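Engineer: Pasting a structure below so you can have a look.
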Amino acid sequence: MLTNSPWARPSSVALSGPATDAVTAAGNSGADPGTPPPLSEGGGGRGGRSGGGRAGGGAPAAEGVSTTFVARWQSALPVKQAFVRLKYGAQAATSPEARQALEHEETNYLIVLSGPLRSFLRGDPETLKKTIMDMTSLSVKGKEAVKPTDLQIALNQRSSDIVFFFPRSAPFTLDDKEVEFSTKTGDVTLKYKFRLKDMVYNGKLEL
């Protein structure tokens, strides 16, 4: 559910250039969801955590190295349920905090990009944030692309996360058929296509 499902798509990328420990250590092992990012914190204006971008250093991985990045719809109920089970374990069904997280009404589409991102998140945090947001969108055929209103960056040693916040002001529907999430970090361009008919859960499109 968290790394390869209708709500989570992996993408393997071949990299070239001087190696860095951060990428080569996780290069062929895939993205690890690890500690879940916030299930929901509401709208925009949370740029503070983006300061983590300052910690990144180095350059992309050595020639011949490939690594996997996963994009997932963090705001989708099946993904939230999976993270609740991951976080609370046997208490997932009885924990008030777990119930509150699952019942919270999302005001944004939350998409998380996970993988060994440290090497690609270099430079001034605010400039980095703006650059990534400018290069990121959700798009469907025949409609104007939706741009993120905010993002958060959480850097970890093995697998880092970028959480993108997209407005629900013009909700996607099954008639849209397919949504593409695209972004660029450093020199790596990533594109993921999600078939909406596969993202129906309990009779409802879950994004």
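In the structure tokens, each chain is lettered A, B, ... as it comes, each chain's residues begin at 1, and ligands are numbered from 1 in order of appearance.
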Write out as a list in words all residues of segment 91-128 of chain A that DSSP puts in helix (DSSP H, G or I) for this structure's backbone.
Structural biologist: Gln91, Pro96, Glu97, Ala98, Arg99, Gln100, Ala101, Leu102, Glu103, Arg118, Ser119, Phe120, Pro125, Glu126, Thr127 and Leu128 of chain A
Engineer: Could you turn the residues from that selection into a file that holds C-alpha atoms, as a PDB file, in the first residue's frame?
Structural biologist:
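Listing of selection20.pdb after writing:
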```
ATOM      1  CA  GLN A  91      -3.658  -0.131  19.292  1.00  0.00           C
ATOM      2  CA  PRO A  96      -8.247   7.986  20.052  1.00  0.00           C
ATOM      3  CA  GLU A  97      -5.352   9.634  18.203  1.00  0.00           C
ATOM      4  CA  ALA A  98      -5.582   7.069  15.406  1.00  0.00           C
ATOM      5  CA  ARG A  99      -9.334   7.578  15.122  1.00  0.00           C
ATOM      6  CA  GLN A 100      -8.897  11.354  15.026  1.00  0.00           C
ATOM      7  CA  ALA A 101      -6.299  11.086  12.247  1.00  0.00           C
ATOM      8  CA  LEU A 102      -8.554   8.864  10.147  1.00  0.00           C
ATOM      9  CA  GLU A 103     -11.662  11.001  10.645  1.00  0.00           C
ATOM     10  CA  ARG A 118      19.346  14.463   0.640  1.00  0.00           C
ATOM     11  CA  SER A 119      21.860  14.711  -2.199  1.00  0.00           C
ATOM     12  CA  PHE A 120      19.410  16.672  -4.363  1.00  0.00           C
ATOM     13  CA  PRO A 125      16.017  26.576   1.957  1.00  0.00           C
ATOM     14  CA  GLU A 126      13.590  29.234   0.714  1.00  0.00           C
ATOM     15  CA  THR A 127      15.074  29.275  -2.784  1.00  0.00           C
ATOM     16  CA  LEU A 128      15.029  25.474  -2.825  1.00  0.00           C
TER      17      LEU A 128
END
```
Engineer: Fewer than 3 positions away in the same chain doesn't count, so skip those; otherwise give me all residues within 12 Å of segment 79-87 of chain A, counting only C-alpha atoms, as number ranges by chain.
Structural biologist: A: 1-8, 33-40, 71-76, 90-106, 110-112, 199, 201, 206-207
Engineer: Could you check the closest approach to Ala154 of chain A for each of A:Leu190, A:Leu15, A:Leu113, A:Met135 and tell me which residue wins, using only C-alpha atoms?
Structural biologist: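 Result for the nearest residue to Ala154 of chain A: A:Leu113.
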Engineer: Under the rule that only C-alpha atoms are counted, which of A:Ala14, A:Ile162, A:Leu77, A:Val65 is the nearest residue to Met133 of chain A?
Structural biologist: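 Counting only C-alpha atoms, the residue closest to Met133 of chain A is A:Ile162.
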Engineer: Looking at only C-alpha atoms, which of A:Ser160, A:Ser139, A:Ser11, A:Ser114 is the one that sits closest to Phe172 of chain A?
Structural biologist: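 Under the stated criterion, the closest residue is A:Ser139.
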Engineer: I need the residue nearest Val140 of chain A from this list: A:Arg168, A:Arg195, A:Arg122, A:Arg158. Use only C-alpha atoms for the distance.
Structural biologist: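 Of all the options, A:Arg195 lies closest to Val140 of chain A.
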Engineer: What's the separation between atom CA of Leu138 of chain A and atom CA of Glu180 of chain A, in Å to one decimal place?
Structural biologist: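 Straight-line distance from atom CA of Leu138 of chain A to atom CA of Glu180 of chain A works out to 5.6 Å.
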Engineer: Residues within 9 Å of Lys177 of chain A, please, as a count of residues only. Count only C-alpha atoms; anything in the same chain fewer than 4 positions from it doesn't count.
Structural biologist: 7
Engineer: Could you tell me how far atom CA of Arg9 of chain A lies from atom CA of Tyr192 of chain A, in Å and to one decimal?
Structural biologist: 6.7 Å
Engineer: Could you tell me which of A:Lys143, A:Lys193, A:Lys130, A:Lys184 comes closest to Pro171 of chain A if we count only C-alpha atoms?
Structural biologist: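 Selected residue with least distance to Pro171 of chain A: A:Lys143.
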Engineer: Using DSSP on the backbone coordinates, identify all residues within segment 64-113 of chain A classified as strand (DSSP E); present the result as a ChimeraX atom specification.
Structural biologist: /A:65-73,108-113
